[in-house]
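File shown: protein02.cif. Contents: mmCIF, C-alpha atoms.
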```
data_protein
loop_
_atom_site.label_atom_id
_atom_site.label_comp_id
_atom_site.auth_asym_id
_atom_site.auth_seq_id
_atom_site.Cartn_x
_atom_site.Cartn_y
_atom_site.Cartn_z
CA VAL A 1461 -20.87 -75.35 21.16
CA ASP A 1462 -18.06 -77.49 22.51
CA ILE A 1463 -17.74 -77.31 26.29
CA TYR A 1464 -14.65 -78.64 27.98
CA VAL A 1465 -15.36 -79.92 31.47
CA GLY A 1466 -12.76 -80.55 34.12
CA ASP A 1467 -9.82 -79.29 32.06
CA PRO A 1468 -8.13 -76.29 33.82
CA ASN A 1469 -6.33 -75.35 30.58
CA TYR A 1470 -9.59 -74.01 29.11
CA ASP A 1471 -11.61 -71.10 30.51
CA PHE A 1472 -15.18 -70.15 29.59
CA GLU A 1473 -14.17 -67.92 26.64
CA ASN A 1474 -11.89 -70.53 25.14
CA SER A 1475 -14.55 -73.15 25.49
CA ILE A 1476 -16.47 -71.64 22.58
CA ASN A 1477 -15.52 -73.03 19.24
CA THR A 1478 -13.47 -70.22 17.68
CA ALA A 1479 -13.77 -71.76 14.25
CA ARG A 1480 -17.51 -71.23 14.37
CA LEU A 1481 -17.16 -67.62 15.63
CA ALA A 1482 -15.10 -66.75 12.57
CA THR A 1483 -18.12 -67.37 10.36
CA LEU A 1484 -20.51 -65.16 12.37
CA ASP A 1485 -21.33 -61.49 11.55
CA TYR A 1486 -19.20 -59.87 14.27
CA LEU A 1487 -16.19 -57.57 13.98
CA LYS A 1488 -13.21 -58.56 16.09
CA LEU A 1489 -11.91 -56.18 18.75
CA THR A 1490 -8.56 -56.30 16.99
CA GLY A 1491 -10.13 -54.82 13.85
CA GLY A 1492 -11.26 -56.11 10.51
CA THR A 1493 -13.10 -55.28 7.31
CA LEU A 1494 -16.77 -54.36 7.07
CA SER A 1495 -18.64 -55.48 3.98
CA GLY A 1496 -21.41 -52.93 4.55
CA ALA A 1497 -21.95 -49.41 5.88
CA LEU A 1498 -21.19 -48.56 9.51
CA LYS A 1499 -24.44 -47.05 10.79
CA MET A 1500 -24.73 -45.19 14.08
CA ALA A 1501 -27.92 -44.11 15.81
CA ASN A 1502 -28.75 -40.40 15.59
CA ASN A 1503 -26.59 -38.13 17.77
CA VAL A 1504 -24.30 -41.03 18.73
CA LEU A 1505 -20.59 -40.34 18.38
CA ILE A 1506 -17.80 -42.34 16.89
CA GLU A 1507 -15.05 -41.63 19.40
CA GLY A 1508 -11.32 -41.93 19.79
CA TYR A 1509 -8.94 -41.54 22.71
CA LYS A 1510 -6.58 -38.68 23.51
CA PRO A 1511 -3.05 -39.45 24.75
CA ASP A 1512 -4.28 -38.85 28.32
CA GLY A 1513 -6.96 -41.52 27.90
CA HIS A 1514 -9.94 -39.16 27.67
CA GLY A 1515 -12.47 -39.79 24.93
CA MET A 1516 -12.89 -37.36 22.04
CA GLY A 1517 -15.72 -37.14 19.53
CA LEU A 1518 -14.77 -37.73 15.90
CA VAL A 1519 -18.02 -37.66 13.94
CA LYS A 1520 -21.78 -37.94 14.38
CA VAL A 1521 -25.11 -36.96 12.82
CA SER A 1522 -26.69 -34.29 15.02
CA THR A 1523 -30.33 -34.08 16.06
CA SER A 1524 -30.78 -31.41 13.38
CA GLY A 1525 -29.61 -33.87 10.74
CA ASN A 1526 -26.21 -32.31 10.09
CA ALA A 1527 -22.85 -34.06 9.97
CA GLU A 1528 -20.56 -32.86 12.77
CA PHE A 1529 -16.83 -33.50 12.71
CA GLY A 1530 -14.38 -33.05 15.54
CA ASP A 1531 -14.57 -32.15 19.20
CA ALA A 1532 -14.76 -28.74 20.88
CA SER A 1533 -11.91 -29.73 23.22
CA ALA A 1534 -9.31 -30.18 20.47
CA ASN A 1535 -8.18 -28.79 17.12
CA ALA A 1536 -9.43 -30.51 13.99
CA PHE A 1537 -6.99 -31.36 11.20
CA ILE A 1538 -8.03 -32.61 7.79
CA LYS A 1539 -5.13 -34.27 6.02
CA GLY A 1540 -4.97 -34.42 2.25
CA LYS A 1541 -3.26 -33.15 -0.87
CA GLU A 1542 -5.82 -30.36 -1.27
CA PHE A 1543 -8.86 -29.27 0.74
CA LYS A 1544 -12.00 -29.32 -1.41
CA HIS A 1545 -15.75 -28.98 -0.92
CA TYR A 1546 -18.25 -31.06 -2.92
CA ASP A 1547 -21.87 -29.87 -3.10
CA GLY A 1548 -23.16 -33.01 -4.80
CA THR A 1549 -22.55 -31.69 -8.29
CA ASP A 1550 -19.27 -29.77 -8.40
CA SER A 1551 -16.15 -29.63 -6.27
CA PHE A 1552 -14.49 -26.40 -5.13
CA THR A 1553 -11.13 -25.66 -3.54
CA VAL A 1554 -11.47 -24.28 0.00
CA LEU A 1555 -9.32 -21.17 0.46
CA THR A 1556 -6.99 -21.14 3.48
CA THR A 1557 -3.98 -19.14 4.68
CA LYS A 1558 -1.96 -21.23 2.20
CA HIS A 1559 -3.47 -19.07 -0.55
CA TYR A 1560 -2.21 -15.74 0.89
CA GLY A 1561 -0.79 -13.61 -1.89
CA THR A 1562 -2.50 -15.60 -4.65
CA ALA A 1563 -6.24 -16.06 -4.19
CA ILE A 1564 -6.61 -14.03 -0.99
CA TYR A 1565 -4.69 -11.22 0.72
CA LYS A 1566 -3.60 -10.70 4.29
CA LYS A 1567 -5.16 -7.68 5.99
CA LYS A 1568 -1.78 -5.90 6.03
CA ASP A 1569 -1.38 -6.45 2.28
CA VAL A 1570 -4.86 -5.05 1.69
CA ASP A 1571 -4.13 -2.00 3.86
CA ASP A 1572 -0.82 -1.41 2.06
CA ASN A 1573 -2.11 -1.81 -1.48
CA PHE A 1574 -5.74 -0.73 -1.50
CA VAL A 1575 -7.68 2.35 -0.45
CA LYS A 1576 -10.88 2.07 1.56
CA LYS A 1577 -14.02 3.02 -0.33
CA THR A 1578 -14.94 5.49 2.40
CA GLU A 1579 -11.61 7.30 1.91
CA VAL A 1580 -11.70 7.57 -1.87
CA ASP A 1581 -13.12 10.59 -3.66
CA GLN A 1582 -13.49 11.28 -7.37
CA LEU A 1583 -9.73 11.46 -7.97
CA GLY A 1584 -9.04 8.20 -6.17
CA PHE A 1585 -7.00 9.88 -3.39
CA PRO A 1586 -7.80 9.47 0.31
CA TYR A 1587 -8.64 12.74 2.08
CA SER A 1588 -7.44 13.88 5.50
CA LYS A 1589 -7.24 17.15 7.42
CA VAL A 1590 -4.40 18.40 9.66
CA GLU A 1591 -4.91 21.37 11.97
CA ALA A 1592 -1.97 20.98 14.37
CA ALA A 1593 1.51 22.02 13.22
CA ALA A 1594 3.55 19.02 12.07
CA ASP A 1595 6.79 18.22 10.25
CA TRP A 1596 6.07 18.29 6.53
CA ASN A 1597 8.59 15.48 6.03
CA THR A 1598 6.09 13.17 7.73
CA PHE A 1599 3.43 13.73 5.06
CA THR A 1600 4.38 10.73 2.94
CA THR A 1601 1.13 8.77 2.63
CA GLN A 1602 -0.41 9.22 -0.79
CA GLY A 1603 -3.50 11.38 -0.76
CA ALA A 1604 -4.92 14.90 -0.50
CA ILE A 1605 -4.39 16.67 2.83
CA GLU A 1606 -6.22 19.82 3.88
CA ILE A 1607 -3.62 21.95 5.69
CA ASN A 1608 -4.92 24.42 8.27
CA PHE A 1609 -1.96 25.44 10.42
CA ASP A 1610 0.96 27.86 10.38
CA GLY A 1611 4.57 26.76 10.33
CA GLY A 1612 5.67 23.23 10.97
CA ALA A 1613 9.19 21.94 10.32
CA ASN A 1614 10.26 21.81 6.65
CA ASN A 1615 7.21 23.79 5.52
CA PRO A 1616 7.14 25.75 2.23
CA PRO A 1617 7.80 29.54 2.40
CA ARG A 1618 4.10 30.25 2.11
CA SER A 1619 2.30 33.43 3.06
CA HIS A 1620 -1.05 31.75 3.75
CA LYS A 1621 -1.59 28.84 6.14
CA GLN A 1622 -4.58 27.17 4.50
CA GLY A 1623 -4.27 25.03 1.42
CA MET A 1624 -4.23 21.59 -0.13
CA LEU A 1625 -1.19 19.32 -0.03
CA ILE A 1626 -1.15 16.60 -2.68
CA VAL A 1627 1.20 13.71 -1.90
CA MET A 1628 2.18 11.01 -4.39
CA ASN A 1629 4.23 8.06 -3.17
CA PHE A 1630 6.06 5.77 -5.58
CA GLY A 1631 8.07 2.62 -4.90
CA LYS A 1632 6.89 2.44 -1.28
CA GLY A 1633 8.65 5.65 -0.31
CA LYS A 1634 11.52 5.60 -2.79
CA MET A 1635 10.14 8.70 -4.53
CA ILE A 1636 7.65 11.14 -2.99
CA ASP A 1637 6.13 14.17 -4.66
CA GLN A 1638 4.60 17.02 -2.60
CA THR A 1639 2.65 19.87 -4.18
CA PHE A 1640 1.05 22.50 -1.95
CA HIS A 1641 -1.68 24.76 -3.30
CA ALA A 1642 -2.15 27.65 -0.87
CA PHE A 1643 -5.63 29.13 -0.52
CA ASN A 1644 -4.36 32.50 -1.79
CA GLY A 1645 -3.24 31.02 -5.12
CA GLU A 1646 0.42 30.28 -4.39
CA THR A 1647 1.75 26.86 -5.40
CA TYR A 1648 4.86 25.17 -4.03
CA HIS A 1649 6.51 21.92 -5.02
CA ARG A 1650 9.29 19.62 -3.84
CA MET A 1651 10.24 15.95 -4.02
CA PHE A 1652 12.00 13.20 -2.09
CA MET A 1653 14.45 11.03 -3.99
CA ALA A 1654 17.77 9.26 -3.35
CA ASP A 1655 16.96 9.28 0.40
CA LYS A 1656 16.85 13.08 0.53
CA TRP A 1657 14.23 15.83 0.49
CA LYS A 1658 14.82 18.56 -2.09
CA SER A 1659 14.11 22.24 -1.45
CA TRP A 1660 10.70 23.81 -1.90
CA GLY A 1661 10.20 25.81 -5.08
CA ARG A 1662 7.36 28.20 -5.87
CA VAL A 1663 5.50 27.52 -9.10
CA GLN A 1664 4.82 30.71 -11.04
CA THR A 1665 1.14 31.24 -11.86
CA SER A 1666 -0.97 34.14 -13.07
CA LEU A 1667 -2.12 34.65 -9.48
CA ASN A 1668 1.37 35.41 -8.22
CA SER A 1669 2.15 39.12 -7.99
CA ARG A 1670 5.90 38.55 -7.88
CA LEU A 1671 8.22 36.45 -10.01
CA LYS A 1672 11.43 35.24 -8.41
CA LEU A 1673 14.38 34.67 -10.74
CA TRP A 1674 17.34 32.59 -9.64
CA SER A 1675 20.99 32.84 -10.61
CA ALA A 1676 24.28 31.46 -9.35
CA ASN A 1677 24.45 34.41 -6.95
CA GLY A 1678 20.99 33.91 -5.49
CA GLY A 1679 17.45 34.93 -6.26
CA ASN A 1680 15.72 38.23 -6.95
CA GLU A 1681 12.04 39.03 -7.23
CA VAL A 1682 10.77 40.93 -10.24
CA TYR A 1683 7.39 42.59 -9.96
CA VAL A 1684 5.32 45.53 -11.14
CA GLU A 1685 3.81 47.98 -8.63
#
```

structure tokens encoding of this file:
Amino acid sequence: VDIYVGDPNYDFENSINTARLATLDYLKLTGGTLSGALKMANNVLIEGYKPDGHGMGLVKVSTSGNAEFGDASANAFIKGKEFKHYDGTDSFTVLTTKHYGTAIYKKKDVDDNFVKKTEVDQLGFPYSKVEAAADWNTFTTQGAIEINFDGGANNPPRSHKQGMLIVMNFGKGKMIDQTFHAFNGETYHRMFMADKWKSWGRVQTSLNSRLKLWSANGGNEVYVE
């Protein structure tokens, strides 16, 4: 070690031969290159500083032997071309919100395009029951509806309140088909198309006692006493 005595131009730190320090196994505060692994004691953090000067944990090996990344006080961002997981043998792409619509679906997309298992019966139609009078124009969700009320706006000219309404929806509401099977055997049908509901029509079946025939002057019922 060279020590300079009596020269005010040299302080204690500068009195050490810097040429010799360069050959020692120490990393400069200004940075440098390590030739070996950087090893930290267990549960000791490698830290960085936030803009406000507070320290923030970056990575450590926990007391349970797991690698921990990030700090609970801040968001963690991993920057790269693609986010992958490697299990020691194979690598796998980690799915994120970037994969919405391709590998995974948003909840709204699932609700709009799939039926819950609990709502699906043998025919694949969700079941519901309505007992309070409602506007029949509002029954647009595809499925089978048990109707148990009289009246309601835009209802079919039925003579029995109970029955099953089957709704089929195509093109997200562009075309809607409604078929109502009354509990007394009557069947009525109508459809929605070109932004307009069509009139209800009764489907003739062997259970109907009257047959209604239509002409340009109106309709008449034909029946046998």

Query - Among the residues A:Thr1647, A:Ser1533, A:Thr1600, A:Ser1659, the one that comes closest to Phe1630 (chain A) [using all atoms listed in the file] - result: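 Under the stated criterion, the closest residue is A:Thr1600.
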
Report task. May I ask which of the residues A:Thr1493, A:Thr1601, A:Thr1523, A:Asn1535 is the closest one to Lys1632 (chain A), counting all atoms listed in the file? Result ->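 Under the stated criterion, the closest residue is A:Thr1601.
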
Report task. Quote the spacing between CA of Ala1642 (chain A) and CA of Lys1656 (chain A) in Å to one decimal place. Result ->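 Between these atoms lies a distance of 24.0 Å.
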
**Report entry** Selected residue of minimal separation from Glu1646 (chain A) among A:Lys1634, A:Lys1576, A:Lys1621, A:His1514, counting all atoms listed in the file
**Finding:** A:Lys1621

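One finds CA of Thr1553 (chain A) at 25.7 Å from CA of Ser1522 (chain A).
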
Query - Spatial neighbours of Ser1495 (chain A), 12 Å, all atoms listed in the file, chain gap at least 4 places, as a PyMOL selection string - result: chain A and resi 1485-1487

Missing atoms in region 1516-1539 of chain A: fill them in up to N, CA, C and O atoms and send the result as a PDB file, keeping the file's coordinate frame.
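This went into selection-v6.pdb:
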```
ATOM      1  N   MET A1516     -12.701 -38.544  22.867  1.00  0.00           N
ATOM      2  CA  MET A1516     -12.890 -37.360  22.040  1.00  0.00           C
ATOM      3  C   MET A1516     -13.782 -37.715  20.857  1.00  0.00           C
ATOM      4  O   MET A1516     -13.573 -38.721  20.178  1.00  0.00           O
ATOM      5  N   GLY A1517     -14.811 -36.887  20.633  1.00  0.00           N
ATOM      6  CA  GLY A1517     -15.720 -37.140  19.530  1.00  0.00           C
ATOM      7  C   GLY A1517     -15.058 -36.939  18.181  1.00  0.00           C
ATOM      8  O   GLY A1517     -14.307 -35.986  17.980  1.00  0.00           O
ATOM      9  N   LEU A1518     -15.320 -37.834  17.251  1.00  0.00           N
ATOM     10  CA  LEU A1518     -14.770 -37.730  15.900  1.00  0.00           C
ATOM     11  C   LEU A1518     -15.832 -37.300  14.896  1.00  0.00           C
ATOM     12  O   LEU A1518     -15.625 -36.365  14.132  1.00  0.00           O
ATOM     13  N   VAL A1519     -16.979 -37.985  14.903  1.00  0.00           N
ATOM     14  CA  VAL A1519     -18.020 -37.660  13.940  1.00  0.00           C
ATOM     15  C   VAL A1519     -19.362 -38.189  14.435  1.00  0.00           C
ATOM     16  O   VAL A1519     -19.422 -39.200  15.149  1.00  0.00           O
ATOM     17  N   LYS A1520     -20.434 -37.475  14.075  1.00  0.00           N
ATOM     18  CA  LYS A1520     -21.780 -37.940  14.380  1.00  0.00           C
ATOM     19  C   LYS A1520     -22.764 -37.193  13.489  1.00  0.00           C
ATOM     20  O   LYS A1520     -22.423 -36.189  12.851  1.00  0.00           O
ATOM     21  N   VAL A1521     -24.013 -37.681  13.458  1.00  0.00           N
ATOM     22  CA  VAL A1521     -25.110 -36.960  12.820  1.00  0.00           C
ATOM     23  C   VAL A1521     -25.926 -36.334  13.938  1.00  0.00           C
ATOM     24  O   VAL A1521     -26.433 -37.037  14.812  1.00  0.00           O
ATOM     25  N   SER A1522     -26.023 -34.999  13.935  1.00  0.00           N
ATOM     26  CA  SER A1522     -26.690 -34.290  15.020  1.00  0.00           C
ATOM     27  C   SER A1522     -28.198 -34.462  14.962  1.00  0.00           C
ATOM     28  O   SER A1522     -28.751 -34.982  13.992  1.00  0.00           O
ATOM     29  N   THR A1523     -28.866 -33.991  16.014  1.00  0.00           N
ATOM     30  CA  THR A1523     -30.330 -34.080  16.060  1.00  0.00           C
ATOM     31  C   THR A1523     -30.989 -33.207  14.998  1.00  0.00           C
ATOM     32  O   THR A1523     -32.151 -33.412  14.655  1.00  0.00           O
ATOM     33  N   SER A1524     -30.243 -32.238  14.461  1.00  0.00           N
ATOM     34  CA  SER A1524     -30.780 -31.410  13.380  1.00  0.00           C
ATOM     35  C   SER A1524     -30.498 -32.007  12.008  1.00  0.00           C
ATOM     36  O   SER A1524     -30.835 -31.412  10.981  1.00  0.00           O
ATOM     37  N   GLY A1525     -29.853 -33.181  12.000  1.00  0.00           N
ATOM     38  CA  GLY A1525     -29.610 -33.870  10.740  1.00  0.00           C
ATOM     39  C   GLY A1525     -28.364 -33.435  10.011  1.00  0.00           C
ATOM     40  O   GLY A1525     -28.205 -33.721   8.821  1.00  0.00           O
ATOM     41  N   ASN A1526     -27.458 -32.757  10.706  1.00  0.00           N
ATOM     42  CA  ASN A1526     -26.210 -32.310  10.090  1.00  0.00           C
ATOM     43  C   ASN A1526     -25.041 -33.178  10.521  1.00  0.00           C
ATOM     44  O   ASN A1526     -25.028 -33.715  11.632  1.00  0.00           O
ATOM     45  N   ALA A1527     -24.062 -33.305   9.639  1.00  0.00           N
ATOM     46  CA  ALA A1527     -22.850 -34.060   9.970  1.00  0.00           C
ATOM     47  C   ALA A1527     -21.917 -33.155  10.763  1.00  0.00           C
ATOM     48  O   ALA A1527     -21.610 -32.047  10.337  1.00  0.00           O
ATOM     49  N   GLU A1528     -21.476 -33.617  11.924  1.00  0.00           N
ATOM     50  CA  GLU A1528     -20.560 -32.860  12.770  1.00  0.00           C
ATOM     51  C   GLU A1528     -19.244 -33.620  12.894  1.00  0.00           C
ATOM     52  O   GLU A1528     -19.232 -34.804  13.216  1.00  0.00           O
ATOM     53  N   PHE A1529     -18.154 -32.900  12.634  1.00  0.00           N
ATOM     54  CA  PHE A1529     -16.830 -33.500  12.710  1.00  0.00           C
ATOM     55  C   PHE A1529     -16.017 -32.822  13.809  1.00  0.00           C
ATOM     56  O   PHE A1529     -16.059 -31.606  13.963  1.00  0.00           O
ATOM     57  N   GLY A1530     -15.281 -33.599  14.556  1.00  0.00           N
ATOM     58  CA  GLY A1530     -14.380 -33.050  15.540  1.00  0.00           C
ATOM     59  C   GLY A1530     -15.002 -32.881  16.911  1.00  0.00           C
ATOM     60  O   GLY A1530     -16.156 -33.234  17.159  1.00  0.00           O
ATOM     61  N   ASP A1531     -14.185 -32.317  17.807  1.00  0.00           N
ATOM     62  CA  ASP A1531     -14.570 -32.150  19.200  1.00  0.00           C
ATOM     63  C   ASP A1531     -14.168 -30.752  19.647  1.00  0.00           C
ATOM     64  O   ASP A1531     -13.095 -30.253  19.276  1.00  0.00           O
ATOM     65  N   ALA A1532     -15.022 -30.114  20.448  1.00  0.00           N
ATOM     66  CA  ALA A1532     -14.760 -28.740  20.880  1.00  0.00           C
ATOM     67  C   ALA A1532     -13.533 -28.640  21.784  1.00  0.00           C
ATOM     68  O   ALA A1532     -13.008 -27.548  22.004  1.00  0.00           O
ATOM     69  N   SER A1533     -13.054 -29.751  22.305  1.00  0.00           N
ATOM     70  CA  SER A1533     -11.910 -29.730  23.220  1.00  0.00           C
ATOM     71  C   SER A1533     -10.570 -29.839  22.514  1.00  0.00           C
ATOM     72  O   SER A1533      -9.528 -29.805  23.159  1.00  0.00           O
ATOM     73  N   ALA A1534     -10.579 -29.978  21.183  1.00  0.00           N
ATOM     74  CA  ALA A1534      -9.310 -30.180  20.470  1.00  0.00           C
ATOM     75  C   ALA A1534      -9.392 -29.578  19.072  1.00  0.00           C
ATOM     76  O   ALA A1534     -10.484 -29.363  18.533  1.00  0.00           O
ATOM     77  N   ASN A1535      -8.229 -29.269  18.497  1.00  0.00           N
ATOM     78  CA  ASN A1535      -8.180 -28.790  17.120  1.00  0.00           C
ATOM     79  C   ASN A1535      -8.545 -29.911  16.159  1.00  0.00           C
ATOM     80  O   ASN A1535      -8.335 -31.094  16.454  1.00  0.00           O
ATOM     81  N   ALA A1536      -9.077 -29.528  15.009  1.00  0.00           N
ATOM     82  CA  ALA A1536      -9.430 -30.510  13.990  1.00  0.00           C
ATOM     83  C   ALA A1536      -8.512 -30.334  12.785  1.00  0.00           C
ATOM     84  O   ALA A1536      -8.364 -29.230  12.267  1.00  0.00           O
ATOM     85  N   PHE A1537      -7.875 -31.392  12.355  1.00  0.00           N
ATOM     86  CA  PHE A1537      -6.990 -31.360  11.200  1.00  0.00           C
ATOM     87  C   PHE A1537      -7.535 -32.296  10.131  1.00  0.00           C
ATOM     88  O   PHE A1537      -7.879 -33.446  10.420  1.00  0.00           O
ATOM     89  N   ILE A1538      -7.632 -31.781   8.917  1.00  0.00           N
ATOM     90  CA  ILE A1538      -8.030 -32.610   7.790  1.00  0.00           C
ATOM     91  C   ILE A1538      -6.807 -32.783   6.901  1.00  0.00           C
ATOM     92  O   ILE A1538      -6.262 -31.807   6.382  1.00  0.00           O
ATOM     93  N   LYS A1539      -6.365 -33.990   6.739  1.00  0.00           N
ATOM     94  CA  LYS A1539      -5.130 -34.270   6.020  1.00  0.00           C
ATOM     95  C   LYS A1539      -5.434 -34.685   4.591  1.00  0.00           C
ATOM     96  O   LYS A1539      -6.299 -35.526   4.344  1.00  0.00           O
TER      97      LYS A1539
END
```
